[in-house]
>>> print(open('protein.cif').read())   # mmCIF, C-alpha atoms
data_coords
#
loop_
_atom_site.label_atom_id
_atom_site.label_comp_id
_atom_site.auth_asym_id
_atom_site.auth_seq_id
_atom_site.Cartn_x
_atom_site.Cartn_y
_atom_site.Cartn_z
CA MET A 1 -114.76 -11.69 -20.52
CA ARG A 2 -111.63 -11.15 -22.61
CA ARG A 3 -111.98 -12.89 -25.99
CA THR A 4 -108.46 -12.84 -27.47
CA GLY A 5 -104.92 -12.49 -26.19
CA ALA A 6 -101.89 -14.36 -24.86
CA HIS A 7 -100.70 -15.14 -21.35
CA ASN A 8 -96.96 -15.01 -20.57
CA PHE A 9 -95.37 -17.12 -17.85
CA PRO A 10 -92.38 -15.69 -15.99
CA ALA A 11 -88.79 -16.92 -15.72
CA ILE A 12 -89.10 -17.72 -12.02
CA ASP A 13 -88.55 -21.12 -10.47
CA ARG A 14 -90.68 -20.78 -7.38
CA VAL A 15 -92.09 -18.80 -4.47
CA ILE A 16 -91.25 -20.11 -1.02
CA TYR A 17 -93.66 -18.89 1.65
CA GLY A 18 -94.04 -19.03 5.40
CA ARG A 19 -90.44 -20.16 5.99
CA PRO A 20 -87.62 -18.44 7.94
CA ALA A 21 -85.61 -16.40 5.45
CA ALA A 22 -82.16 -17.61 6.55
CA GLU A 23 -83.11 -21.26 6.22
CA ALA A 24 -84.80 -20.80 2.83
CA ILE A 25 -81.95 -18.71 1.37
CA ASN A 26 -79.39 -21.32 2.35
CA GLU A 27 -81.46 -24.11 0.82
CA GLU A 28 -81.89 -22.15 -2.41
CA ALA A 29 -78.14 -21.44 -2.56
CA GLU A 30 -77.49 -25.17 -2.27
CA ARG A 31 -80.14 -25.97 -4.88
CA LEU A 32 -78.54 -23.50 -7.28
CA LYS A 33 -75.03 -24.75 -6.40
CA ALA A 34 -74.01 -21.23 -5.38
CA THR A 35 -70.86 -20.90 -3.29
CA ARG A 36 -70.41 -17.08 -3.24
CA VAL A 37 -73.64 -15.34 -2.13
CA PHE A 38 -73.65 -11.53 -2.28
CA LEU A 39 -76.27 -9.89 -0.05
CA ILE A 40 -77.95 -6.57 -0.89
CA VAL A 41 -79.90 -5.70 2.24
CA SER A 42 -81.82 -3.03 4.11
CA ARG A 43 -79.49 -1.05 6.36
CA THR A 44 -82.11 -1.04 9.11
CA LEU A 45 -82.40 -4.82 8.99
CA ASN A 46 -78.60 -5.12 8.96
CA THR A 47 -77.79 -2.69 11.78
CA LYS A 48 -80.85 -2.68 14.03
CA THR A 49 -81.99 -6.30 13.92
CA ASP A 50 -80.30 -9.70 13.85
CA GLU A 51 -82.14 -10.83 10.68
CA ILE A 52 -79.20 -10.35 8.29
CA GLU A 53 -76.73 -11.86 10.72
CA LYS A 54 -78.96 -14.95 10.88
CA ILE A 55 -78.66 -15.20 7.09
CA ARG A 56 -74.88 -14.76 7.13
CA HIS A 57 -74.52 -17.33 9.91
CA THR A 58 -76.69 -19.88 8.12
CA LEU A 59 -74.84 -19.37 4.81
CA GLY A 60 -71.49 -19.78 6.55
CA ASP A 61 -68.66 -20.01 4.02
CA LYS A 62 -71.13 -19.38 1.17
CA HIS A 63 -71.50 -15.74 2.29
CA ALA A 64 -69.31 -13.58 0.04
CA ALA A 65 -70.13 -10.00 1.12
CA THR A 66 -72.96 -7.70 2.26
CA PHE A 67 -73.98 -4.29 0.91
CA ASP A 68 -76.50 -2.19 2.89
CA GLY A 69 -76.31 1.41 1.63
CA ILE A 70 -79.30 1.26 -0.74
CA ALA A 71 -80.59 4.51 -2.24
CA GLN A 72 -84.38 4.99 -1.99
CA HIS A 73 -84.78 5.41 -5.72
CA THR A 74 -82.34 2.91 -7.28
CA THR A 75 -79.69 4.79 -9.27
CA ARG A 76 -77.47 3.91 -12.21
CA LYS A 77 -74.39 5.12 -10.32
CA GLN A 78 -75.04 2.87 -7.34
CA ALA A 79 -75.89 -0.11 -9.54
CA ALA A 80 -72.50 0.18 -11.28
CA GLU A 81 -70.65 0.54 -7.97
CA VAL A 82 -72.38 -2.42 -6.30
CA ALA A 83 -71.87 -4.60 -9.40
CA LEU A 84 -68.14 -3.95 -9.14
CA HIS A 85 -68.17 -4.99 -5.47
CA ALA A 86 -70.10 -8.15 -6.35
CA LYS A 87 -67.65 -9.05 -9.13
CA GLU A 88 -64.70 -8.43 -6.83
CA ALA A 89 -66.36 -10.82 -4.34
CA HIS A 90 -66.70 -13.41 -7.12
CA ALA A 91 -70.45 -13.57 -6.48
CA ASP A 92 -72.35 -16.37 -8.18
CA LEU A 93 -75.73 -15.52 -6.60
CA VAL A 94 -77.19 -12.17 -5.48
CA VAL A 95 -79.82 -12.06 -2.73
CA ALA A 96 -81.91 -8.94 -2.04
CA VAL A 97 -83.42 -8.62 1.44
CA GLY A 98 -85.56 -5.53 1.99
CA GLY A 99 -88.00 -3.30 0.15
CA GLY A 100 -88.53 -2.52 -3.51
CA SER A 101 -85.30 -0.53 -3.82
CA ALA A 102 -83.23 -3.52 -2.66
CA VAL A 103 -84.98 -5.79 -5.15
CA ASP A 104 -84.60 -3.36 -8.06
CA LEU A 105 -80.95 -2.81 -7.21
CA ALA A 106 -80.30 -6.56 -7.27
CA LYS A 107 -82.04 -6.89 -10.65
CA ILE A 108 -79.97 -4.22 -12.32
CA VAL A 109 -76.72 -5.22 -10.53
CA ILE A 110 -76.73 -8.66 -12.17
CA MET A 111 -77.04 -6.94 -15.57
CA ALA A 112 -74.26 -4.50 -14.78
CA MET A 113 -72.12 -7.49 -13.80
CA GLU A 114 -72.94 -9.28 -17.05
CA HIS A 115 -72.08 -6.28 -19.22
CA ASP A 116 -69.21 -4.92 -17.10
CA ILE A 117 -70.98 -1.58 -16.67
CA ARG A 118 -68.83 0.73 -14.53
CA ASP A 119 -70.60 4.09 -14.60
CA GLU A 120 -73.91 5.84 -15.37
CA ALA A 121 -73.18 6.16 -19.08
CA GLY A 122 -72.66 2.41 -19.35
CA PHE A 123 -76.43 1.92 -19.14
CA ASP A 124 -77.24 4.28 -22.03
CA PRO A 125 -77.72 1.56 -24.69
CA PHE A 126 -80.11 -0.49 -22.58
CA PRO A 127 -83.20 1.29 -21.12
CA MET A 128 -86.41 -0.16 -22.48
CA GLY A 129 -89.47 -1.90 -21.11
CA PRO A 130 -91.91 -4.80 -21.25
CA GLY A 131 -93.63 -5.55 -24.53
CA VAL A 132 -90.60 -5.34 -26.80
CA SER A 133 -89.75 -8.18 -29.15
CA HIS A 134 -86.15 -8.52 -27.98
CA SER A 135 -83.79 -7.19 -25.33
CA PRO A 136 -80.33 -5.69 -25.92
CA PHE A 137 -79.24 -7.29 -22.64
CA ARG A 138 -77.60 -10.69 -22.63
CA ALA A 139 -79.06 -13.21 -20.19
CA PRO A 140 -77.14 -12.79 -16.92
CA ALA A 141 -74.83 -15.58 -15.81
CA VAL A 142 -75.58 -14.65 -12.18
CA ARG A 143 -79.21 -14.76 -11.02
CA GLN A 144 -80.84 -13.26 -7.95
CA ILE A 145 -83.25 -14.18 -5.16
CA ALA A 146 -85.66 -11.67 -3.60
CA VAL A 147 -86.69 -11.68 0.07
CA PRO A 148 -89.14 -8.76 0.42
CA SER A 149 -89.75 -6.97 3.72
CA THR A 150 -92.55 -4.83 2.24
CA LEU A 151 -95.65 -5.49 0.14
CA ASN A 152 -94.58 -3.65 -3.02
CA GLY A 153 -94.74 -6.74 -5.23
CA GLY A 154 -91.99 -5.63 -7.61
CA GLU A 155 -90.15 -8.87 -6.86
CA TYR A 156 -92.63 -10.63 -9.17
CA ASN A 157 -91.55 -8.49 -12.10
CA ALA A 158 -88.66 -8.92 -14.56
CA ALA A 159 -88.16 -5.15 -14.92
CA ALA A 160 -86.21 -2.73 -12.74
CA LEU A 161 -86.82 0.97 -12.18
CA VAL A 162 -83.53 2.85 -12.18
CA THR A 163 -83.01 6.61 -11.84
CA ASP A 164 -80.56 8.42 -14.10
CA GLU A 165 -79.35 11.16 -11.76
CA ARG A 166 -77.88 13.16 -14.63
CA ASN A 167 -81.39 14.22 -15.68
CA LYS A 168 -83.51 12.96 -12.75
CA LEU A 169 -85.40 10.46 -14.88
CA LYS A 170 -86.59 7.07 -13.65
CA GLN A 171 -86.23 4.52 -16.45
CA ILE A 172 -87.27 0.92 -17.04
CA PHE A 173 -84.71 -1.80 -17.72
CA PHE A 174 -85.94 -5.24 -18.71
CA HIS A 175 -84.84 -8.76 -19.44
CA PRO A 176 -86.84 -11.94 -18.65
CA HIS A 177 -83.98 -13.22 -16.48
CA MET A 178 -83.98 -10.10 -14.33
CA MET A 179 -86.92 -11.87 -12.68
CA PRO A 180 -85.72 -13.39 -9.39
CA VAL A 181 -85.08 -17.10 -9.74
CA ALA A 182 -86.93 -17.45 -6.43
CA VAL A 183 -88.95 -15.26 -4.07
CA ILE A 184 -88.92 -16.01 -0.34
CA LEU A 185 -91.79 -14.77 1.84
CA ASP A 186 -90.98 -14.71 5.56
CA PRO A 187 -93.70 -12.90 7.54
CA ALA A 188 -91.45 -12.68 10.61
CA LEU A 189 -89.02 -10.50 8.66
CA THR A 190 -91.76 -7.89 8.09
CA LEU A 191 -92.32 -7.25 11.81
CA HIS A 192 -89.49 -4.71 11.55
CA THR A 193 -91.09 -2.76 8.66
CA PRO A 194 -92.44 0.71 9.62
CA SER A 195 -96.24 0.93 9.43
CA ASN A 196 -96.39 3.72 6.83
CA LEU A 197 -94.01 1.79 4.55
CA TRP A 198 -95.96 -1.46 5.05
CA MET A 199 -99.30 0.19 4.26
CA GLY A 200 -97.99 2.39 1.45
CA SER A 201 -96.20 -0.50 -0.24
CA GLY A 202 -99.40 -2.54 0.00
CA THR A 203 -101.26 0.09 -2.02
CA ARG A 204 -98.49 -0.13 -4.60
CA SER A 205 -99.05 -3.86 -4.88
CA MET A 206 -102.79 -3.20 -5.25
CA ASP A 207 -101.86 -0.77 -8.03
CA HIS A 208 -100.23 -3.65 -9.91
CA GLY A 209 -103.46 -5.61 -9.65
CA ILE A 210 -105.74 -2.72 -10.54
CA GLU A 211 -103.77 -1.69 -13.62
CA ALA A 212 -103.59 -5.31 -14.82
CA LEU A 213 -107.36 -5.69 -14.32
CA CYS A 214 -108.05 -2.49 -16.25
CA SER A 215 -105.48 -3.10 -18.99
CA GLN A 216 -106.75 -3.94 -22.46
CA ALA A 217 -103.85 -6.42 -22.65
CA GLY A 218 -104.87 -8.36 -19.55
CA THR A 219 -105.76 -12.05 -19.51
CA PRO A 220 -108.61 -14.05 -17.91
CA LEU A 221 -106.16 -15.83 -15.61
CA ALA A 222 -104.53 -12.58 -14.49
CA ASP A 223 -107.92 -10.94 -13.90
CA GLU A 224 -109.12 -13.64 -11.51
CA VAL A 225 -105.83 -13.91 -9.63
CA VAL A 226 -105.35 -10.16 -9.12
CA LEU A 227 -108.93 -9.74 -7.88
CA ALA A 228 -108.31 -12.46 -5.30
CA GLY A 229 -105.08 -10.69 -4.41
CA ILE A 230 -106.74 -7.31 -3.91
CA ARG A 231 -109.36 -8.87 -1.61
CA THR A 232 -106.73 -10.78 0.37
CA LEU A 233 -104.36 -7.82 0.57
CA ARG A 234 -107.11 -5.49 1.78
CA ASP A 235 -108.11 -7.91 4.54
CA GLY A 236 -104.53 -8.54 5.63
CA MET A 237 -103.57 -4.87 5.68
CA LEU A 238 -106.61 -3.82 7.70
CA ARG A 239 -105.92 -6.61 10.20
CA THR A 240 -102.28 -5.53 10.44
CA LEU A 241 -103.40 -1.93 10.98
CA GLN A 242 -105.40 -3.04 14.01
CA GLN A 243 -102.74 -5.44 15.34
CA PRO A 244 -99.24 -4.75 13.96
CA ASP A 245 -97.75 -7.90 15.51
CA ASP A 246 -100.45 -10.19 14.10
CA PHE A 247 -98.26 -12.76 12.38
CA GLU A 248 -101.12 -14.32 10.42
CA ALA A 249 -102.27 -10.92 9.16
CA ARG A 250 -98.79 -10.30 7.80
CA ARG A 251 -98.73 -13.72 6.16
CA LEU A 252 -102.13 -12.95 4.61
CA SER A 253 -100.84 -9.59 3.36
CA GLN A 254 -97.84 -11.26 1.72
CA TYR A 255 -100.13 -13.75 -0.03
CA GLY A 256 -102.29 -10.86 -1.24
CA SER A 257 -99.29 -9.01 -2.63
CA TRP A 258 -98.17 -12.17 -4.45
CA LEU A 259 -101.58 -12.62 -6.06
CA ALA A 260 -102.18 -8.93 -6.80
CA SER A 261 -98.86 -8.81 -8.65
CA PHE A 262 -99.79 -11.67 -10.97
CA GLY A 263 -100.33 -9.31 -13.88
CA LEU A 264 -96.72 -8.18 -13.48
CA GLN A 265 -95.57 -11.79 -13.68
CA ALA A 266 -97.55 -12.19 -16.91
CA ARG A 267 -96.05 -8.96 -18.33
CA VAL A 268 -99.41 -7.22 -18.58
CA PRO A 269 -98.48 -3.57 -19.22
CA MET A 270 -99.27 -1.18 -16.40
CA GLY A 271 -101.05 2.15 -16.93
CA ALA A 272 -100.79 5.82 -16.04
CA SER A 273 -100.65 5.35 -12.27
CA HIS A 274 -97.31 3.60 -12.73
CA GLY A 275 -96.11 5.99 -15.43
CA ILE A 276 -96.93 9.15 -13.48
CA GLY A 277 -95.68 7.54 -10.27
CA HIS A 278 -92.30 6.98 -11.88
CA VAL A 279 -92.10 10.72 -12.61
CA LEU A 280 -93.24 11.68 -9.11
CA GLY A 281 -90.55 9.45 -7.61
CA GLY A 282 -87.65 9.74 -10.01
CA THR A 283 -87.91 13.45 -10.79
CA PHE A 284 -89.60 14.93 -7.72
CA GLY A 285 -88.51 12.56 -4.94
CA VAL A 286 -91.94 11.42 -3.76
CA PRO A 287 -91.55 8.13 -1.85
CA HIS A 288 -92.54 5.26 -4.14
CA TYR A 289 -95.07 3.95 -1.62
CA TYR A 290 -97.01 7.25 -1.59
CA CYS A 291 -97.49 7.53 -5.36
CA THR A 292 -100.47 5.18 -5.66
CA PRO A 293 -102.55 6.68 -2.82
CA VAL A 294 -102.36 10.17 -4.32
CA ILE A 295 -102.99 9.24 -7.98
CA MET A 296 -105.14 6.11 -8.18
CA PRO A 297 -108.58 7.48 -7.13
CA SER A 298 -108.45 10.26 -9.74
CA LEU A 299 -107.10 7.90 -12.41
CA LEU A 300 -109.94 5.43 -11.76
CA ARG A 301 -112.41 8.27 -12.33
CA TYR A 302 -110.60 9.28 -15.52
CA ASN A 303 -110.55 5.68 -16.79
CA LYS A 304 -114.08 4.73 -15.79
CA PRO A 305 -115.74 5.22 -19.22
CA PHE A 306 -113.25 2.70 -20.66
CA THR A 307 -113.07 0.27 -17.71
CA ASP A 308 -116.54 0.26 -16.18
CA ASP A 309 -116.91 -3.53 -15.92
CA ALA A 310 -113.43 -3.95 -14.41
CA GLN A 311 -114.15 -1.20 -11.90
CA LYS A 312 -117.37 -2.87 -10.78
CA ARG A 313 -115.39 -6.02 -10.00
CA LEU A 314 -112.70 -3.92 -8.32
CA ALA A 315 -115.24 -2.15 -6.08
CA ALA A 316 -116.50 -5.54 -4.86
CA ALA A 317 -112.93 -6.70 -4.15
CA LEU A 318 -112.39 -3.50 -2.13
CA GLY A 319 -115.42 -4.32 0.02
CA ALA A 320 -117.89 -2.01 -1.71
CA PRO A 321 -120.06 -4.18 -4.01
CA GLY A 322 -122.29 -1.98 -6.14
CA GLY A 323 -120.25 1.06 -5.15
CA ASP A 324 -117.73 3.27 -6.91
CA ALA A 325 -114.20 1.85 -7.18
CA ALA A 326 -112.51 5.26 -6.94
CA ASP A 327 -114.42 6.13 -3.77
CA ALA A 328 -113.71 2.68 -2.30
CA PHE A 329 -109.97 3.00 -2.94
CA ALA A 330 -109.88 6.55 -1.54
CA GLU A 331 -111.66 5.34 1.61
CA PHE A 332 -109.18 2.48 1.96
CA VAL A 333 -106.30 4.96 1.72
CA ARG A 334 -107.98 7.11 4.39
CA GLN A 335 -108.37 4.11 6.71
CA LEU A 336 -104.66 3.35 6.33
CA GLY A 337 -103.73 6.92 7.28
CA LEU A 338 -101.85 7.55 4.04
CA PRO A 339 -101.71 10.81 2.05
CA GLY A 340 -104.53 11.00 -0.48
CA ARG A 341 -103.74 14.17 -2.43
CA LEU A 342 -100.72 15.42 -4.36
CA ALA A 343 -100.47 18.48 -2.11
CA GLU A 344 -99.87 16.19 0.86
CA VAL A 345 -96.65 14.88 -0.73
CA GLY A 346 -95.36 18.30 -1.76
CA ILE A 347 -96.58 18.34 -5.36
CA GLY A 348 -98.30 21.62 -6.27
CA GLU A 349 -99.68 22.93 -9.55
CA ASP A 350 -96.36 24.59 -10.33
CA LYS A 351 -94.97 21.10 -11.02
CA PHE A 352 -97.82 19.81 -13.18
CA GLY A 353 -96.36 21.10 -16.44
CA LYS A 354 -93.04 19.29 -15.94
CA ILE A 355 -94.77 16.09 -14.80
CA SER A 356 -97.01 16.04 -17.87
CA GLU A 357 -94.09 16.84 -20.20
CA ILE A 358 -92.22 13.74 -19.03
CA ALA A 359 -95.21 11.46 -18.48
CA ILE A 360 -96.77 11.92 -21.93
CA ASN A 361 -93.89 9.89 -23.43
CA HIS A 362 -93.85 7.16 -20.77
CA ARG A 363 -94.69 3.71 -22.16
CA PHE A 364 -97.14 2.97 -19.34
CA VAL A 365 -98.96 6.27 -19.80
CA LYS A 366 -99.25 5.36 -23.47
CA ALA A 367 -100.66 1.96 -22.44
CA ASN A 368 -103.35 3.51 -20.22
CA PRO A 369 -106.81 2.09 -21.09
CA ARG A 370 -108.17 5.59 -21.71
CA PRO A 371 -105.68 7.44 -23.93
CA PHE A 372 -104.14 10.78 -23.06
CA ASN A 373 -104.21 12.81 -26.27
CA ASP A 374 -101.92 15.58 -25.01
CA GLN A 375 -100.17 16.99 -21.97
CA ALA A 376 -103.19 19.10 -21.08
CA GLU A 377 -105.21 15.97 -20.32
CA ILE A 378 -102.50 14.79 -17.91
CA VAL A 379 -102.56 18.20 -16.23
CA ASP A 380 -106.35 17.86 -15.88
CA LEU A 381 -105.84 14.50 -14.15
CA LEU A 382 -103.23 16.00 -11.82
CA ARG A 383 -105.67 18.80 -10.92
CA MET A 384 -108.25 16.14 -10.02
CA ALA A 385 -105.66 14.64 -7.66
CA ALA A 386 -104.42 17.95 -6.25
#
>>> encode(input="protein.cif", output="structure tokens")
Amino acid sequence: MRRTGAHNFPAIDRVIYGRPAAEAINEEAERLKATRVFLIVSRTLNTKTDEIEKIRHTLGDKHAATFDGIAQHTTRKQAAEVALHAKEAHADLVVAVGGGSAVDLAKIVIMAMEHDIRDEAGFDPFPMGPGVSHSPFRAPAVRQIAVPSTLNGGEYNAAALVTDERNKLKQIFFHPHMMPVAVILDPALTLHTPSNLWMGSGTRSMDHGIEALCSQAGTPLADEVVLAGIRTLRDGMLRTLQQPDDFEARRLSQYGSWLASFGLQARVPMGASHGIGHVLGGTFGVPHYYCTPVIMPSLLRYNKPFTDDAQKRLAAALGAPGGDAADAFAEFVRQLGLPGRLAEVGIGEDKFGKISEIAINHRFVKANPRPFNDQAEIVDLLRMAA
């Protein structure tokens, strides 16, 4: 049991669950007195389904414009461009509908709007991360709503991951009011999500729960909620794997993601899985939803001497009471049909030096429960995951 600490509550009004997205978005726009709603949406949802058209139709005159050309790893350049479009549309509310990239783009767009950022260099004074005493950002006048189509869980976080393409670095930008003012969970919307993205994003949400559980800065409330989330998420994902159109399994998975991400809401710092994952994605182009499956089992083994009690509880939540958490997570990844080794996502030993060089200075790597004393220890971890 944790004996000292502090629990932070997020700047989010509410989570709306089990409701049709179009209906809930329109009601939230009315609640917030928004009259110019700017949509940032998945291109697939916009061009190959009628989900986004339902939203536009329901919003009616409140719909200002739609953007659907989202880069996989959110970039500074795109954030500046989309912010300009949103300002030209006189947007007073931004709504993200899609995966983690859509949500991150919406978060950073409202800050680019607030600070009139027009290019990559305009973000230079601002990158930072959770845990700081103040933010150089002003609170945004325009807020955003997130409607996730995946299980990533980043919508419950007030930080955005944004890639600086000038040096291929993924950076963290943070302000409490980058947290969505509302999150809308519509299980019907997720029926269009590809299986590998659904499953991979679910492991990313589990990652949020695992790193909060293992963090020395966690809280008793966060511990209990994320454990419930990991159990619920595991059950929902395995049911969805067996029956992709099982509506209740998708609803269960969304609930699990919400709970597993509770540490993010409370600003519990993540650990090396997140830090190294940011390098794998931002610098080497590994899809965000494959980073956890290839790193987490080895990191759990590395961290075990410092997190033994947490890992016992984690193993039970993963359906292996009395077993090894790393083995249980690796088996779960295998059941989902996801890559489990770095080599399977194109990362060989020739890249380990560059990964460790960047990762050693990442704030989440520095917050890992078992310290990394030098780059060589990160390389050792990467070899375990090879």
>>> atom_distance(input="protein.cif", atom1="CA of Glu114 in chain A", atom2="CA of Lys87 in chain A")
9.5 Å
>>> resolve_selection(input="protein.cif", expression="the PyMOL selection byres ((chain A and resi 101) around 10)", output="number ranges by chain")
A: 40-42, 70-75, 96-100, 102-107, 152, 154, 160-162, 288
>>> atom_distance(input="protein.cif", atom1="CA of Ile110 in chain A", atom2="CA of Ser273 in chain A")
27.7 Å
>>> resolve_selection(input="protein.cif", expression="the PyMOL selection byres ((chain A and resi 21) around 10)", output="VMD selection string")
chain A and resid 16 to 20 22 to 27 51 to 52 54 to 55 58 97 147 to 148 184 to 189
>>> resolve_selection(input="protein.cif", expression="the PyMOL selection byres ((chain A and resi 264) around 10)", output="NGL selection string")
:A and (8 or 10 or 130 or 153-159 or 205 or 208-209 or 211-212 or 222 or 226 or 258-263 or 265-270)
>>> write_last_selection(input="protein.cif", atoms="C-alpha atoms", output="PDB file, keeping the file's coordinate frame")
ATOM      1  CA  ASN A   8     -96.960 -15.010 -20.570  1.00  0.00           C
ATOM      2  CA  PRO A  10     -92.380 -15.690 -15.990  1.00  0.00           C
ATOM      3  CA  PRO A 130     -91.910  -4.800 -21.250  1.00  0.00           C
ATOM      4  CA  GLY A 153     -94.740  -6.740  -5.230  1.00  0.00           C
ATOM      5  CA  GLY A 154     -91.990  -5.630  -7.610  1.00  0.00           C
ATOM      6  CA  GLU A 155     -90.150  -8.870  -6.860  1.00  0.00           C
ATOM      7  CA  TYR A 156     -92.630 -10.630  -9.170  1.00  0.00           C
ATOM      8  CA  ASN A 157     -91.550  -8.490 -12.100  1.00  0.00           C
ATOM      9  CA  ALA A 158     -88.660  -8.920 -14.560  1.00  0.00           C
ATOM     10  CA  ALA A 159     -88.160  -5.150 -14.920  1.00  0.00           C
ATOM     11  CA  SER A 205     -99.050  -3.860  -4.880  1.00  0.00           C
ATOM     12  CA  HIS A 208    -100.230  -3.650  -9.910  1.00  0.00           C
ATOM     13  CA  GLY A 209    -103.460  -5.610  -9.650  1.00  0.00           C
ATOM     14  CA  GLU A 211    -103.770  -1.690 -13.620  1.00  0.00           C
ATOM     15  CA  ALA A 212    -103.590  -5.310 -14.820  1.00  0.00           C
ATOM     16  CA  ALA A 222    -104.530 -12.580 -14.490  1.00  0.00           C
ATOM     17  CA  VAL A 226    -105.350 -10.160  -9.120  1.00  0.00           C
ATOM     18  CA  TRP A 258     -98.170 -12.170  -4.450  1.00  0.00           C
ATOM     19  CA  LEU A 259    -101.580 -12.620  -6.060  1.00  0.00           C
ATOM     20  CA  ALA A 260    -102.180  -8.930  -6.800  1.00  0.00           C
ATOM     21  CA  SER A 261     -98.860  -8.810  -8.650  1.00  0.00           C
ATOM     22  CA  PHE A 262     -99.790 -11.670 -10.970  1.00  0.00           C
ATOM     23  CA  GLY A 263    -100.330  -9.310 -13.880  1.00  0.00           C
ATOM     24  CA  GLN A 265     -95.570 -11.790 -13.680  1.00  0.00           C
ATOM     25  CA  ALA A 266     -97.550 -12.190 -16.910  1.00  0.00           C
ATOM     26  CA  ARG A 267     -96.050  -8.960 -18.330  1.00  0.00           C
ATOM     27  CA  VAL A 268     -99.410  -7.220 -18.580  1.00  0.00           C
ATOM     28  CA  PRO A 269     -98.480  -3.570 -19.220  1.00  0.00           C
ATOM     29  CA  MET A 270     -99.270  -1.180 -16.400  1.00  0.00           C
TER      30      MET A 270
END
>>> closest_residue(input="protein.cif", among="A:Gln144, A:Thr150, A:Thr163, A:Thr35", to="Phe284 in chain A", atoms="all atoms listed in the file")
A:Thr163
>>> residues_around(input="protein.cif", residues="Val181 in chain A", least_positions_apart="5", cutoff="9 Å", atoms="all atoms listed in the file", output="ChimeraX atom specification")
/A:11-15,143-146
>>> closest_residue(input="protein.cif", among="A:Ile360, A:Ile347, A:Val95, A:Met296", to="Phe332 in chain A", atoms="all atoms listed in the file")
A:Met296
>>> residues_around(input="protein.cif", residues="Gly236 in chain A", least_positions_apart="2", cutoff="10 Å", atoms="only C-alpha atoms", output="list in words")
Gly202, Ile230, Arg231, Thr232, Leu233, Arg234, Leu238, Arg239, Thr240, Leu241, Asp246, Glu248, Ala249, Arg250, Arg251, Leu252, Ser253, Gln254, Tyr255, Gly256 and Ser257 of chain A
>>> closest_residue(input="protein.cif", among="A:Asp68, A:Glu377, A:Asp223, A:Pro287", to="Asp309 in chain A", atoms="only C-alpha atoms")
A:Asp223
>>> build_atoms(input="protein.cif", residues="range 193-203 of chain A", atoms="N, CA, C and O atoms", output="PDB file, in the frame of the given file")
ATOM      1  N   THR A 193     -90.769  -3.769   9.672  1.00  0.00           N
ATOM      2  CA  THR A 193     -91.090  -2.760   8.660  1.00  0.00           C
ATOM      3  C   THR A 193     -91.978  -1.665   9.245  1.00  0.00           C
ATOM      4  O   THR A 193     -93.017  -1.965   9.832  1.00  0.00           O
ATOM      5  N   PRO A 194     -91.605  -0.374   9.097  1.00  0.00           N
ATOM      6  CA  PRO A 194     -92.440   0.710   9.620  1.00  0.00           C
ATOM      7  C   PRO A 194     -93.855   0.662   9.035  1.00  0.00           C
ATOM      8  O   PRO A 194     -94.036   0.298   7.868  1.00  0.00           O
ATOM      9  N   SER A 195     -94.837   1.059   9.834  1.00  0.00           N
ATOM     10  CA  SER A 195     -96.240   0.930   9.430  1.00  0.00           C
ATOM     11  C   SER A 195     -96.548   1.693   8.146  1.00  0.00           C
ATOM     12  O   SER A 195     -97.230   1.179   7.256  1.00  0.00           O
ATOM     13  N   ASN A 196     -96.049   2.939   8.031  1.00  0.00           N
ATOM     14  CA  ASN A 196     -96.390   3.720   6.830  1.00  0.00           C
ATOM     15  C   ASN A 196     -95.805   3.084   5.574  1.00  0.00           C
ATOM     16  O   ASN A 196     -96.425   3.097   4.506  1.00  0.00           O
ATOM     17  N   LEU A 197     -94.621   2.469   5.690  1.00  0.00           N
ATOM     18  CA  LEU A 197     -94.010   1.790   4.550  1.00  0.00           C
ATOM     19  C   LEU A 197     -94.783   0.511   4.232  1.00  0.00           C
ATOM     20  O   LEU A 197     -95.024   0.190   3.061  1.00  0.00           O
ATOM     21  N   TRP A 198     -95.183  -0.232   5.248  1.00  0.00           N
ATOM     22  CA  TRP A 198     -95.960  -1.460   5.050  1.00  0.00           C
ATOM     23  C   TRP A 198     -97.269  -1.143   4.330  1.00  0.00           C
ATOM     24  O   TRP A 198     -97.615  -1.766   3.320  1.00  0.00           O
ATOM     25  N   MET A 199     -97.996  -0.155   4.833  1.00  0.00           N
ATOM     26  CA  MET A 199     -99.300   0.190   4.260  1.00  0.00           C
ATOM     27  C   MET A 199     -99.137   0.818   2.868  1.00  0.00           C
ATOM     28  O   MET A 199     -99.854   0.482   1.925  1.00  0.00           O
ATOM     29  N   GLY A 200     -98.184   1.740   2.742  1.00  0.00           N
ATOM     30  CA  GLY A 200     -97.990   2.390   1.450  1.00  0.00           C
ATOM     31  C   GLY A 200     -97.555   1.406   0.380  1.00  0.00           C
ATOM     32  O   GLY A 200     -98.042   1.435  -0.757  1.00  0.00           O
ATOM     33  N   SER A 201     -96.654   0.490   0.746  1.00  0.00           N
ATOM     34  CA  SER A 201     -96.200  -0.500  -0.240  1.00  0.00           C
ATOM     35  C   SER A 201     -97.328  -1.450  -0.617  1.00  0.00           C
ATOM     36  O   SER A 201     -97.391  -1.940  -1.744  1.00  0.00           O
ATOM     37  N   GLY A 202     -98.244  -1.705   0.326  1.00  0.00           N
ATOM     38  CA  GLY A 202     -99.400  -2.540   0.000  1.00  0.00           C
ATOM     39  C   GLY A 202    -100.301  -1.912  -1.033  1.00  0.00           C
ATOM     40  O   GLY A 202    -100.835  -2.599  -1.910  1.00  0.00           O
ATOM     41  N   THR A 203    -100.459  -0.574  -0.979  1.00  0.00           N
ATOM     42  CA  THR A 203    -101.260   0.090  -2.020  1.00  0.00           C
ATOM     43  C   THR A 203    -100.552   0.016  -3.362  1.00  0.00           C
ATOM     44  O   THR A 203    -101.213  -0.031  -4.409  1.00  0.00           O
TER      45      THR A 203
END
